[in-house]
$ cat run-v3.cif   # mmCIF, C-alpha atoms and all ligand atoms
data_my_file
loop_
_atom_site.group_PDB
_atom_site.id
_atom_site.type_symbol
_atom_site.label_atom_id
_atom_site.label_comp_id
_atom_site.auth_asym_id
_atom_site.auth_seq_id
_atom_site.Cartn_x
_atom_site.Cartn_y
_atom_site.Cartn_z
ATOM 1 C CA MET S 1 1.551 25.087 4.748
ATOM 2 C CA PRO S 2 3.242 21.656 4.792
ATOM 3 C CA GLN S 3 1.639 19.139 7.163
ATOM 4 C CA SER S 4 3.864 17.686 9.845
ATOM 5 C CA MET S 5 3.886 14.462 11.835
ATOM 6 C CA LYS S 6 5.964 13.191 14.698
ATOM 7 C CA LEU S 7 7.984 10.082 13.852
ATOM 8 C CA ASP S 8 10.376 8.015 15.955
ATOM 9 C CA LEU S 9 13.867 7.049 14.929
ATOM 10 C CA LEU S 10 13.498 3.273 14.547
ATOM 11 C CA SER S 11 17.066 2.472 13.556
ATOM 12 C CA ARG S 12 20.294 3.995 12.309
ATOM 13 C CA ARG S 13 23.454 2.618 10.766
ATOM 14 C CA ASP S 14 26.563 3.914 9.055
ATOM 15 C CA VAL S 15 26.419 3.495 5.278
ATOM 16 C CA ALA S 16 29.708 5.282 4.478
ATOM 17 C CA GLN S 17 32.340 7.372 6.201
ATOM 18 C CA ASP S 18 30.458 10.284 7.852
ATOM 19 C CA ILE S 19 27.149 9.159 6.301
ATOM 20 C CA ALA S 20 24.486 7.629 8.537
ATOM 21 C CA GLU S 21 21.185 6.159 7.463
ATOM 22 C CA PHE S 22 18.117 6.944 9.603
ATOM 23 C CA VAL S 23 14.793 5.096 9.496
ATOM 24 C CA PHE S 24 11.803 7.007 10.920
ATOM 25 C CA GLY S 25 8.401 5.456 11.594
ATOM 26 C CA ASN S 26 5.891 4.434 14.286
ATOM 27 C CA SER S 27 2.998 6.340 12.728
ATOM 28 C CA PRO S 28 -0.478 4.989 13.470
ATOM 29 C CA GLY S 29 -1.036 4.085 9.791
ATOM 30 C CA PRO S 30 0.776 4.086 6.456
ATOM 31 C CA LEU S 31 2.738 7.223 5.656
ATOM 32 C CA PRO S 32 2.113 9.505 2.659
ATOM 33 C CA ALA S 33 3.738 8.223 -0.543
ATOM 34 C CA ALA S 34 7.481 8.514 -1.042
ATOM 35 C CA GLU S 35 7.972 9.227 -4.745
ATOM 36 C CA PRO S 36 11.279 8.428 -6.445
ATOM 37 C CA GLY S 37 13.332 11.631 -6.147
ATOM 38 C CA GLY S 38 11.101 12.945 -3.334
ATOM 39 C CA HIS S 39 12.289 14.409 -0.054
ATOM 40 C CA ILE S 40 11.106 15.188 3.462
ATOM 41 C CA ALA S 41 11.860 18.198 5.609
ATOM 42 C CA ILE S 42 12.792 17.331 9.186
ATOM 43 C CA GLU S 43 12.974 19.576 12.200
ATOM 44 C CA THR S 44 16.431 18.593 13.387
ATOM 45 C CA PRO S 45 17.172 18.437 17.122
ATOM 46 C CA SER S 46 18.858 21.859 16.784
ATOM 47 C CA GLY S 47 15.478 23.317 15.724
ATOM 48 C CA ALA S 48 16.629 23.966 12.146
ATOM 49 C CA MET S 49 14.614 22.508 9.266
ATOM 50 C CA ARG S 50 16.589 20.446 6.777
ATOM 51 C CA GLN S 51 15.522 18.597 3.647
ATOM 52 C CA TYR S 52 16.652 15.047 2.930
ATOM 53 C CA SER S 53 15.940 12.832 -0.062
ATOM 54 C CA LEU S 54 14.016 9.644 0.603
ATOM 55 C CA VAL S 55 16.121 6.561 -0.004
ATOM 56 C CA HIS S 56 13.296 4.111 -0.759
ATOM 57 C CA PRO S 57 10.211 4.798 -2.874
ATOM 58 C CA GLY S 58 6.814 3.528 -1.739
ATOM 59 C CA SER S 59 3.137 4.316 -2.254
ATOM 60 C CA ALA S 60 2.162 3.816 1.413
ATOM 61 C CA PRO S 61 5.398 3.205 3.311
ATOM 62 C CA ALA S 62 5.563 2.194 6.964
ATOM 63 C CA ALA S 63 8.763 4.207 7.422
ATOM 64 C CA TYR S 64 10.898 6.869 5.762
ATOM 65 C CA THR S 65 14.604 6.251 5.240
ATOM 66 C CA ILE S 66 17.101 9.055 4.729
ATOM 67 C CA ALA S 67 20.901 9.261 4.719
ATOM 68 C CA VAL S 68 22.672 12.266 6.208
ATOM 69 C CA LYS S 69 26.256 13.323 5.664
ATOM 70 C CA HIS S 70 27.923 14.800 8.723
ATOM 71 C CA GLU S 71 29.043 18.271 7.571
ATOM 72 C CA GLU S 72 31.448 19.540 10.209
ATOM 73 C CA SER S 73 31.567 23.006 8.643
ATOM 74 C CA GLY S 74 27.787 23.185 8.046
ATOM 75 C CA ARG S 75 25.283 25.254 10.039
ATOM 76 C CA GLY S 76 24.561 22.511 12.569
ATOM 77 C CA GLY S 77 21.638 20.573 11.030
ATOM 78 C CA SER S 78 23.663 17.477 10.128
ATOM 79 C CA ARG S 79 25.644 17.572 13.386
ATOM 80 C CA ALA S 80 22.375 17.560 15.336
ATOM 81 C CA MET S 81 20.981 14.720 13.207
ATOM 82 C CA HIS S 82 24.049 12.573 13.801
ATOM 83 C CA LYS S 83 23.494 12.902 17.568
ATOM 84 C CA LEU S 84 19.939 11.478 17.307
ATOM 85 C CA ALA S 85 19.454 8.229 19.222
ATOM 86 C CA VAL S 86 17.071 5.400 18.395
ATOM 87 C CA GLY S 87 13.717 6.045 20.088
ATOM 88 C CA GLU S 88 13.925 9.836 19.855
ATOM 89 C CA SER S 89 11.244 11.659 17.856
ATOM 90 C CA VAL S 90 11.427 14.363 15.232
ATOM 91 C CA LEU S 91 8.858 16.444 13.394
ATOM 92 C CA VAL S 92 8.677 15.410 9.732
ATOM 93 C CA GLN S 93 6.830 17.287 6.999
ATOM 94 C CA ASN S 94 4.879 15.398 4.350
ATOM 95 C CA PRO S 95 7.063 14.429 1.391
ATOM 96 C CA ALA S 96 7.505 16.828 -1.498
ATOM 97 C CA ASN S 97 9.214 16.277 -4.821
ATOM 98 C CA ASN S 98 11.292 18.834 -6.724
ATOM 99 C CA PHE S 99 13.029 16.089 -8.694
ATOM 100 C CA PRO S 100 10.223 13.979 -10.148
ATOM 101 C CA LEU S 101 11.032 11.116 -12.447
ATOM 102 C CA GLY S 102 9.377 11.653 -15.823
ATOM 103 C CA SER S 103 8.541 9.132 -18.487
ATOM 104 C CA ALA S 104 11.349 8.323 -20.927
ATOM 105 C CA SER S 105 12.424 5.407 -23.106
ATOM 106 C CA GLU S 106 15.757 5.239 -21.300
ATOM 107 C CA TYR S 107 17.513 6.881 -18.363
ATOM 108 C CA LEU S 108 21.023 7.951 -17.434
ATOM 109 C CA LEU S 109 21.299 8.499 -13.675
ATOM 110 C CA ILE S 110 24.312 10.386 -12.308
ATOM 111 C CA ALA S 111 25.155 10.655 -8.604
ATOM 112 C CA GLY S 112 28.000 12.345 -6.782
ATOM 113 C CA GLY S 113 28.705 11.622 -3.104
ATOM 114 C CA ILE S 114 25.657 11.940 -0.851
ATOM 115 C CA GLY S 115 23.651 12.830 -3.996
ATOM 116 C CA VAL S 116 23.218 9.089 -4.384
ATOM 117 C CA THR S 117 20.113 9.062 -2.166
ATOM 118 C CA PRO S 118 17.419 10.254 -4.646
ATOM 119 C CA ILE S 119 19.218 8.416 -7.470
ATOM 120 C CA TYR S 120 19.146 5.135 -5.520
ATOM 121 C CA SER S 121 15.412 5.638 -4.985
ATOM 122 C CA MET S 122 14.982 6.177 -8.744
ATOM 123 C CA VAL S 123 17.011 3.043 -9.506
ATOM 124 C CA GLN S 124 14.738 0.942 -7.281
ATOM 125 C CA HIS S 125 11.628 2.326 -8.982
ATOM 126 C CA LEU S 126 12.965 2.023 -12.532
ATOM 127 C CA MET S 127 14.196 -1.529 -11.963
ATOM 128 C CA SER S 128 10.741 -2.499 -10.690
ATOM 129 C CA GLU S 129 9.343 -1.027 -13.918
ATOM 130 C CA LYS S 130 11.935 -2.913 -15.988
ATOM 131 C CA ALA S 131 13.101 0.396 -17.496
ATOM 132 C CA ARG S 132 16.273 0.830 -19.570
ATOM 133 C CA LEU S 133 18.799 2.648 -17.420
ATOM 134 C CA ARG S 134 22.447 3.193 -16.615
ATOM 135 C CA MET S 135 23.967 4.839 -13.583
ATOM 136 C CA ILE S 136 27.277 6.608 -13.023
ATOM 137 C CA TYR S 137 28.264 7.098 -9.379
ATOM 138 C CA CYS S 138 31.237 9.334 -8.529
ATOM 139 C CA ALA S 139 32.753 9.610 -5.067
ATOM 140 C CA ARG S 140 36.094 10.432 -3.545
ATOM 141 C CA SER S 141 36.766 6.857 -2.367
ATOM 142 C CA ALA S 142 35.038 3.569 -1.579
ATOM 143 C CA GLN S 143 34.718 4.698 2.067
ATOM 144 C CA ASP S 144 32.828 7.819 0.955
ATOM 145 C CA ALA S 145 30.338 5.976 -1.280
ATOM 146 C CA ALA S 146 27.013 4.826 0.208
ATOM 147 C CA TYR S 147 24.809 1.998 -1.079
ATOM 148 C CA VAL S 148 27.335 0.622 -3.589
ATOM 149 C CA PRO S 149 26.647 -3.085 -2.812
ATOM 150 C CA GLU S 150 22.883 -2.502 -3.077
ATOM 151 C CA LEU S 151 23.289 -0.661 -6.377
ATOM 152 C CA GLN S 152 25.631 -3.317 -7.750
ATOM 153 C CA GLU S 153 23.112 -6.001 -6.903
ATOM 154 C CA LEU S 154 20.309 -4.095 -8.645
ATOM 155 C CA LEU S 155 22.220 -2.849 -11.671
ATOM 156 C CA GLY S 156 25.103 -5.231 -12.313
ATOM 157 C CA ASP S 157 27.164 -3.945 -15.247
ATOM 158 C CA ARG S 158 24.748 -1.046 -15.802
ATOM 159 C CA LEU S 159 26.466 0.662 -12.862
ATOM 160 C CA THR S 160 29.748 2.560 -13.291
ATOM 161 C CA VAL S 161 31.458 3.585 -10.045
ATOM 162 C CA HIS S 162 34.324 6.057 -10.210
ATOM 163 C CA PHE S 163 36.560 7.088 -7.302
ATOM 164 C CA ASP S 164 38.667 10.187 -7.956
ATOM 165 C CA GLY S 165 40.658 10.154 -4.709
ATOM 166 C CA GLY S 166 39.980 13.881 -4.331
ATOM 167 C CA ASP S 167 42.294 14.507 -7.292
ATOM 168 C CA ALA S 168 40.899 17.084 -9.735
ATOM 169 C CA SER S 169 42.919 15.522 -12.556
ATOM 170 C CA ASN S 170 41.212 12.160 -11.973
ATOM 171 C CA LEU S 171 37.550 13.215 -12.282
ATOM 172 C CA TYR S 172 35.196 11.026 -14.308
ATOM 173 C CA ASP S 173 35.135 12.076 -17.966
ATOM 174 C CA PHE S 174 31.470 12.439 -18.946
ATOM 175 C CA TRP S 175 32.137 13.481 -22.523
ATOM 176 C CA ASP S 176 31.628 9.991 -23.989
ATOM 177 C CA ASP S 177 28.183 9.880 -22.387
ATOM 178 C CA PHE S 178 27.161 13.331 -23.654
ATOM 179 C CA ALA S 179 28.928 13.853 -27.002
ATOM 180 C CA GLU S 180 25.958 12.465 -28.950
ATOM 181 C CA PRO S 181 22.517 13.421 -27.605
ATOM 182 C CA SER S 182 20.469 10.273 -27.074
ATOM 183 C CA LYS S 183 16.862 9.507 -26.204
ATOM 184 C CA ALA S 184 17.838 9.112 -22.567
ATOM 185 C CA HIS S 185 16.615 11.470 -19.871
ATOM 186 C CA VAL S 186 19.392 12.382 -17.461
ATOM 187 C CA TYR S 187 18.842 12.762 -13.708
ATOM 188 C CA CYS S 188 21.773 14.184 -11.761
ATOM 189 C CA CYS S 189 22.287 14.856 -8.059
ATOM 190 C CA GLY S 190 25.598 15.673 -6.438
ATOM 191 C CA PRO S 191 27.921 18.471 -5.446
ATOM 192 C CA GLY S 192 27.737 21.824 -7.264
ATOM 193 C CA PRO S 193 30.820 21.253 -9.467
ATOM 194 C CA LEU S 194 29.443 17.925 -10.753
ATOM 195 C CA MET S 195 26.080 19.462 -11.639
ATOM 196 C CA GLU S 196 27.801 22.458 -13.259
ATOM 197 C CA GLU S 197 29.859 20.079 -15.376
ATOM 198 C CA ILE S 198 26.779 18.176 -16.557
ATOM 199 C CA LYS S 199 25.042 21.487 -17.352
ATOM 200 C CA GLY S 200 28.126 22.584 -19.269
ATOM 201 C CA ILE S 201 28.426 19.502 -21.461
ATOM 202 C CA SER S 202 24.719 18.904 -22.116
ATOM 203 C CA GLY S 203 23.818 22.240 -23.749
ATOM 204 C CA HIS S 204 23.327 20.521 -27.125
ATOM 205 C CA TRP S 205 20.863 17.961 -25.675
ATOM 206 C CA PRO S 206 17.104 18.408 -26.226
ATOM 207 C CA ASP S 207 15.253 20.809 -23.907
ATOM 208 C CA GLY S 208 13.808 19.019 -20.898
ATOM 209 C CA ALA S 209 16.112 15.985 -21.107
ATOM 210 C CA ILE S 210 18.443 16.932 -18.252
ATOM 211 C CA HIS S 211 17.145 17.128 -14.678
ATOM 212 C CA PHE S 212 18.906 18.216 -11.493
ATOM 213 C CA GLU S 213 18.229 17.959 -7.778
ATOM 214 C CA ASP S 214 19.817 20.829 -5.946
ATOM 215 C CA PHE S 215 19.201 21.395 -2.259
ATOM 216 C CA ALA S 216 21.820 24.105 -2.050
ATOM 217 C CA GLY S 217 19.373 26.993 -2.576
ATOM 218 C CA VAL S 218 20.515 30.335 -1.219
ATOM 219 C CA ALA S 219 23.009 30.702 1.622
ATOM 220 C CA ALA S 220 21.284 31.716 4.863
ATOM 221 C CA VAL S 221 24.053 34.229 5.623
ATOM 222 C CA ARG S 222 27.035 35.693 3.793
ATOM 223 C CA GLU S 223 30.399 36.618 5.166
ATOM 224 C CA ASP S 224 29.876 40.368 4.913
ATOM 225 C CA ASP S 225 26.380 40.370 6.439
ATOM 226 C CA GLN S 226 25.645 42.915 9.170
ATOM 227 C CA SER S 227 23.583 42.723 12.311
ATOM 228 C CA PHE S 228 20.217 44.561 12.329
ATOM 229 C CA GLU S 229 17.013 44.784 14.335
ATOM 230 C CA VAL S 230 13.606 43.335 13.542
ATOM 231 C CA ASN S 231 10.529 44.736 15.226
ATOM 232 C CA LEU S 232 7.559 42.365 15.507
ATOM 233 C CA GLN S 233 4.498 44.574 15.180
ATOM 234 C CA LYS S 234 1.917 42.229 16.747
ATOM 235 C CA SER S 235 3.924 41.099 19.774
ATOM 236 C CA GLY S 236 5.859 44.324 20.183
ATOM 237 C CA GLN S 237 9.165 42.429 20.521
ATOM 238 C CA THR S 238 12.390 43.719 19.076
ATOM 239 C CA ILE S 239 14.876 41.011 18.054
ATOM 240 C CA THR S 240 18.481 41.589 17.080
ATOM 241 C CA VAL S 241 19.528 39.514 14.074
ATOM 242 C CA PRO S 242 23.273 38.848 14.437
ATOM 243 C CA ASP S 243 25.562 39.044 11.423
ATOM 244 C CA ASP S 244 25.940 35.239 11.339
ATOM 245 C CA LYS S 245 22.260 34.295 11.625
ATOM 246 C CA SER S 246 19.151 34.617 9.486
ATOM 247 C CA ILE S 247 16.014 36.393 10.716
ATOM 248 C CA LEU S 248 14.405 32.963 11.051
ATOM 249 C CA GLU S 249 17.242 31.662 13.238
ATOM 250 C CA ALA S 250 17.215 34.797 15.389
ATOM 251 C CA LEU S 251 13.444 34.464 15.907
ATOM 252 C CA ARG S 252 13.854 30.782 16.784
ATOM 253 C CA ASP S 253 16.593 31.601 19.300
ATOM 254 C CA ALA S 254 14.247 34.161 20.866
ATOM 255 C CA GLY S 255 11.479 31.571 21.201
ATOM 256 C CA VAL S 256 9.296 33.060 18.448
ATOM 257 C CA SER S 257 7.744 30.199 16.525
ATOM 258 C CA THR S 258 7.512 30.466 12.751
ATOM 259 C CA THR S 259 6.976 27.947 9.969
ATOM 260 C CA SER S 260 9.768 26.937 7.638
ATOM 261 C CA SER S 261 10.851 24.057 5.463
ATOM 262 C CA CYS S 262 13.812 24.485 3.105
ATOM 263 C CA GLU S 263 15.512 27.341 5.016
ATOM 264 C CA SER S 264 17.313 28.137 1.794
ATOM 265 C CA GLY S 265 14.951 30.538 0.013
ATOM 266 C CA THR S 266 13.386 28.070 -2.389
ATOM 267 C CA CYS S 267 10.123 26.677 -0.989
ATOM 268 C CA GLY S 268 8.057 29.715 0.034
ATOM 269 C CA THR S 269 7.010 28.379 3.455
ATOM 270 C CA CYS S 270 8.548 31.104 5.622
ATOM 271 C CA LYS S 271 6.898 34.042 3.786
ATOM 272 C CA CYS S 272 6.114 36.914 6.189
ATOM 273 C CA ARG S 273 4.265 40.159 5.663
ATOM 274 C CA LEU S 274 6.600 43.128 5.739
ATOM 275 C CA VAL S 275 5.213 46.224 7.447
ATOM 276 C CA SER S 276 8.139 48.507 6.700
ATOM 277 C CA GLY S 277 11.839 48.514 5.973
ATOM 278 C CA ASP S 278 14.364 48.257 3.193
ATOM 279 C CA VAL S 279 14.808 44.551 2.309
ATOM 280 C CA ASP S 280 17.660 42.801 0.552
ATOM 281 C CA HIS S 281 15.539 40.083 -1.116
ATOM 282 C CA ARG S 282 17.679 36.965 -1.652
ATOM 283 C CA ASP S 283 15.078 34.224 -2.087
ATOM 284 C CA MET S 284 14.143 32.500 -5.308
ATOM 285 C CA VAL S 285 10.369 32.465 -4.838
ATOM 286 C CA LEU S 286 8.877 35.944 -4.304
ATOM 287 C CA MET S 287 7.357 37.603 -7.390
ATOM 288 C CA ASP S 288 8.433 41.196 -8.019
ATOM 289 C CA GLU S 289 4.956 42.458 -7.129
ATOM 290 C CA GLU S 290 5.120 40.666 -3.738
ATOM 291 C CA LYS S 291 8.465 42.118 -2.736
ATOM 292 C CA PRO S 292 7.305 45.518 -1.415
ATOM 293 C CA ASN S 293 5.077 43.794 1.185
ATOM 294 C CA HIS S 294 6.664 40.415 1.885
ATOM 295 C CA ILE S 295 9.951 38.843 2.937
ATOM 296 C CA MET S 296 11.290 35.273 3.058
ATOM 297 C CA ILE S 297 12.850 35.358 6.500
ATOM 298 C CA CYS S 298 15.105 32.298 6.045
ATOM 299 C CA VAL S 299 17.506 34.125 3.705
ATOM 300 C CA SER S 300 16.532 37.779 3.177
ATOM 301 C CA ARG S 301 17.786 40.585 5.415
ATOM 302 C CA ALA S 302 17.618 44.314 5.946
ATOM 303 C CA ALA S 303 19.403 46.202 3.182
ATOM 304 C CA SER S 304 19.713 49.162 5.568
ATOM 305 C CA GLY S 305 18.254 50.100 8.957
ATOM 306 C CA GLY S 306 15.786 47.746 10.641
ATOM 307 C CA LEU S 307 12.649 45.898 9.544
ATOM 308 C CA VAL S 308 9.117 45.746 10.912
ATOM 309 C CA LEU S 309 7.335 42.419 10.367
ATOM 310 C CA ASP S 310 3.674 41.526 10.791
ATOM 311 C CA LEU S 311 4.365 38.983 13.529
HETATM 312 S S1 LIG C 1 11.806 28.126 4.473
HETATM 313 FE FE1 LIG C 1 11.723 27.764 2.332
HETATM 314 S S2 LIG C 1 11.834 29.784 1.494
HETATM 315 FE FE2 LIG C 1 12.160 30.070 3.606
#
$ encode --input "run-v3.cif" --output "structure tokens"
Amino acid sequence: MPQSMKLDLLSRRDVAQDIAEFVFGNSPGPLPAAEPGGHIAIETPSGAMRQYSLVHPGSAPAAYTIAVKHEESGRGGSRAMHKLAVGESVLVQNPANNFPLGSASEYLLIAGGIGVTPIYSMVQHLMSEKARLRMIYCARSAQDAAYVPELQELLGDRLTVHFDGGDASNLYDFWDDFAEPSKAHVYCCGPGPLMEEIKGISGHWPDGAIHFEDFAGVAAVREDDQSFEVNLQKSGQTITVPDDKSILEALRDAGVSTTSSCESGTCGTCKCRLVSGDVDHRDMVLMDEEKPNHIMICVSRAASGGLVLDL
């Protein structure tokens, strides 16, 4: 189970259009290390857990800095974060890292949009190590790009910034960077289409040279999902899971406390014992042998009928 701590919002500022930076601290001592590429999970004011990359690396930081894009069409986590006021507290889980920076003789860092946050952290670390690196940063426009002045100051002409204006015919052409495999390790974070493009053009590169950070995970609900009932065997409660909510969200709405972190089927934190029922397993973590008796309640649902959980 991830450990949690309560931290206060010390400051916030806008770093791009619809992107705000939040600095959390006020812990009694130094915080657990923030590795380059690492992230924290935060219980947002809406109650939902969301993961955010740490903007600054540090071995014993006094504060954690994240940047959050306001997603109007999202499921409410970013909207709730953008309403946070300085002085308010949130529950923060200890940092984790699914995007660790390995050792390489040179680095090519690629960021798209809000995907700049873990890449900026890597730049700060690699520059302090005097590593050989280049960075390519793609965004729709200058207003949509965060941390450009800071990156320019750190990287100078090793930074390429490309604005496509939202025009699909004006996307950055990565072929020159990938035509010939090099000794560089590539670290890429950005929207799905950018990461798919890098995957598509790097197939001839050595195994293990291309690394991605992808928070997308599995969608909590799909358009054709149906409502169903969950019976909690220990408490005797029966909860209706609406067609537009996950089991986890329905339990939270009913005041049933559970533990979660990614809420996208990738971390394993929300694993529950299944007493009975036909499950549509959608997560990316359960082993086949675990599936008859367990369910990841942040994304999986009833395939038919209702479910009985050991809660
Ligand atoms: S909260 Fe991470 S898998 Fe469910």
$ residues_near_point --input "run-v3.cif" --point "(9.1, 43.3, 4.8)" --cutoff "10 Å" --atoms "all atoms listed in the file" --output "list in words"
Val230, Lys271, Cys272, Arg273, Leu274, Val275, Ser276, Gly277, Asp278, Val279, Asp280, His281, Glu290, Lys291, Pro292, Asn293, His294, Ile295, Met296, Ile297, Ser300, Arg301, Ala302, Gly306, Leu307, Val308, Leu309 and Asp310 of chain S
$ axis_aligned_box --input "run-v3.cif" --around "ligand LIG 1 (chain C)" --padding-each-side "4 Å" --output "AutoDock Vina command-line options"
--center_x 11.9 --center_y 28.9 --center_z 3.0 --size_x 8.4 --size_y 10.3 --size_z 11.0
$ resolve_selection --input "run-v3.cif" --expression "the PyMOL selection byres (((chain S and resi 89-100) around 6) and not hetatm)" --output "list in words"
Gln3, Ser4, Met5, Lys6, Leu7, Asp8, Gly37, Gly38, His39, Ile40, Ala41, Ile42, Glu43, Glu88, Leu101 and Glu213 of chain S
$ atom_distance --input "run-v3.cif" --atom1 "CA of Trp205 in chain S" --atom2 "CA of Pro181 in chain S"
5.2 Å
$ closest_atom_pairs --input "run-v3.cif" --of "chain S" --to "ligand LIG 1 (chain C)" --cutoff "8 Å" --atoms "all atoms listed in the file" --output "JSON lines"
{"residue": "S:Met49", "atom": "CA", "partner": "C:LIG1", "partner_atom": "S1", "distance": 7.9}
{"residue": "S:Thr259", "atom": "CA", "partner": "C:LIG1", "partner_atom": "S1", "distance": 7.3}
{"residue": "S:Ser260", "atom": "CA", "partner": "C:LIG1", "partner_atom": "S1", "distance": 3.9}
{"residue": "S:Ser261", "atom": "CA", "partner": "C:LIG1", "partner_atom": "S1", "distance": 4.3}
{"residue": "S:Cys262", "atom": "CA", "partner": "C:LIG1", "partner_atom": "FE1", "distance": 4.0}
{"residue": "S:Glu263", "atom": "CA", "partner": "C:LIG1", "partner_atom": "S1", "distance": 3.8}
{"residue": "S:Ser264", "atom": "CA", "partner": "C:LIG1", "partner_atom": "FE1", "distance": 5.6}
{"residue": "S:Gly265", "atom": "CA", "partner": "C:LIG1", "partner_atom": "S2", "distance": 3.5}
{"residue": "S:Thr266", "atom": "CA", "partner": "C:LIG1", "partner_atom": "S2", "distance": 4.5}
{"residue": "S:Cys267", "atom": "CA", "partner": "C:LIG1", "partner_atom": "FE1", "distance": 3.8}
{"residue": "S:Gly268", "atom": "CA", "partner": "C:LIG1", "partner_atom": "S2", "distance": 4.0}
{"residue": "S:Thr269", "atom": "CA", "partner": "C:LIG1", "partner_atom": "FE1", "distance": 4.9}
{"residue": "S:Cys270", "atom": "CA", "partner": "C:LIG1", "partner_atom": "FE2", "distance": 4.3}
{"residue": "S:Lys271", "atom": "CA", "partner": "C:LIG1", "partner_atom": "FE2", "distance": 6.6}
{"residue": "S:Asp283", "atom": "CA", "partner": "C:LIG1", "partner_atom": "S2", "distance": 6.6}
{"residue": "S:Met284", "atom": "CA", "partner": "C:LIG1", "partner_atom": "S2", "distance": 7.7}
{"residue": "S:Val285", "atom": "CA", "partner": "C:LIG1", "partner_atom": "S2", "distance": 7.0}
{"residue": "S:Met296", "atom": "CA", "partner": "C:LIG1", "partner_atom": "FE2", "distance": 5.3}
{"residue": "S:Ile297", "atom": "CA", "partner": "C:LIG1", "partner_atom": "FE2", "distance": 6.1}
{"residue": "S:Cys298", "atom": "CA", "partner": "C:LIG1", "partner_atom": "FE2", "distance": 4.4}
{"residue": "S:Val299", "atom": "CA", "partner": "C:LIG1", "partner_atom": "FE2", "distance": 6.7}
$ resolve_selection --input "run-v3.cif" --expression "the PyMOL selection byres (((chain S and resi 187) around 12) and not hetatm)" --output "PyMOL selection string"
chain S and resi 36-37+98-104+106-112+115-116+118-123+133-137+184-186+188-190+195+198-199+202+208-214
$ residues_near_point --input "run-v3.cif" --point "(16.7, -1.7, -7.9)" --cutoff "6 Å" --atoms "only C-alpha atoms" --output "PyMOL selection string"
chain S and resi 123-124+127+154
$ atom_distance --input "run-v3.cif" --atom1 "CA of Val241 in chain S" --atom2 "CA of Thr258 in chain S"
15.1 Å
$ residues_around --input "run-v3.cif" --residues "Val256 in chain S" --least-positions-apart "5" --cutoff "12 Å" --atoms "all atoms listed in the file" --output "mmCIF file with C-alpha atoms, in the coordinates of the input"
data_model
loop_
_atom_site.group_PDB
_atom_site.id
_atom_site.type_symbol
_atom_site.label_atom_id
_atom_site.label_comp_id
_atom_site.auth_asym_id
_atom_site.auth_seq_id
_atom_site.Cartn_x
_atom_site.Cartn_y
_atom_site.Cartn_z
ATOM 1 C CA GLY S 47 15.478 23.317 15.724
ATOM 2 C CA LEU S 232 7.559 42.365 15.507
ATOM 3 C CA LYS S 234 1.917 42.229 16.747
ATOM 4 C CA SER S 235 3.924 41.099 19.774
ATOM 5 C CA GLY S 236 5.859 44.324 20.183
ATOM 6 C CA GLN S 237 9.165 42.429 20.521
ATOM 7 C CA THR S 238 12.390 43.719 19.076
ATOM 8 C CA ILE S 239 14.876 41.011 18.054
ATOM 9 C CA ILE S 247 16.014 36.393 10.716
ATOM 10 C CA LEU S 248 14.405 32.963 11.051
ATOM 11 C CA GLU S 249 17.242 31.662 13.238
ATOM 12 C CA ALA S 250 17.215 34.797 15.389
ATOM 13 C CA LEU S 251 13.444 34.464 15.907
ATOM 14 C CA LEU S 311 4.365 38.983 13.529
#
$ closest_residue --input "run-v3.cif" --among "S:Gly165, S:Gly77, S:Pro30, S:Pro206" --to "Gln51 in chain S" --atoms "only C-alpha atoms"
S:Gly77
$ closest_residue --input "run-v3.cif" --among "S:Leu84, S:Val68, S:Ile19, S:Ala303" --to "Ser53 in chain S" --atoms "only C-alpha atoms"
S:Val68
$ closest_residue --input "run-v3.cif" --among "S:Phe174, S:Tyr52, S:Phe24, S:Phe163" --to "Lys69 in chain S" --atoms "only C-alpha atoms"
S:Tyr52
$ atom_distance --input "run-v3.cif" --atom1 "CA of Phe228 in chain S" --atom2 "CA of Asp253 in chain S"
15.2 Å
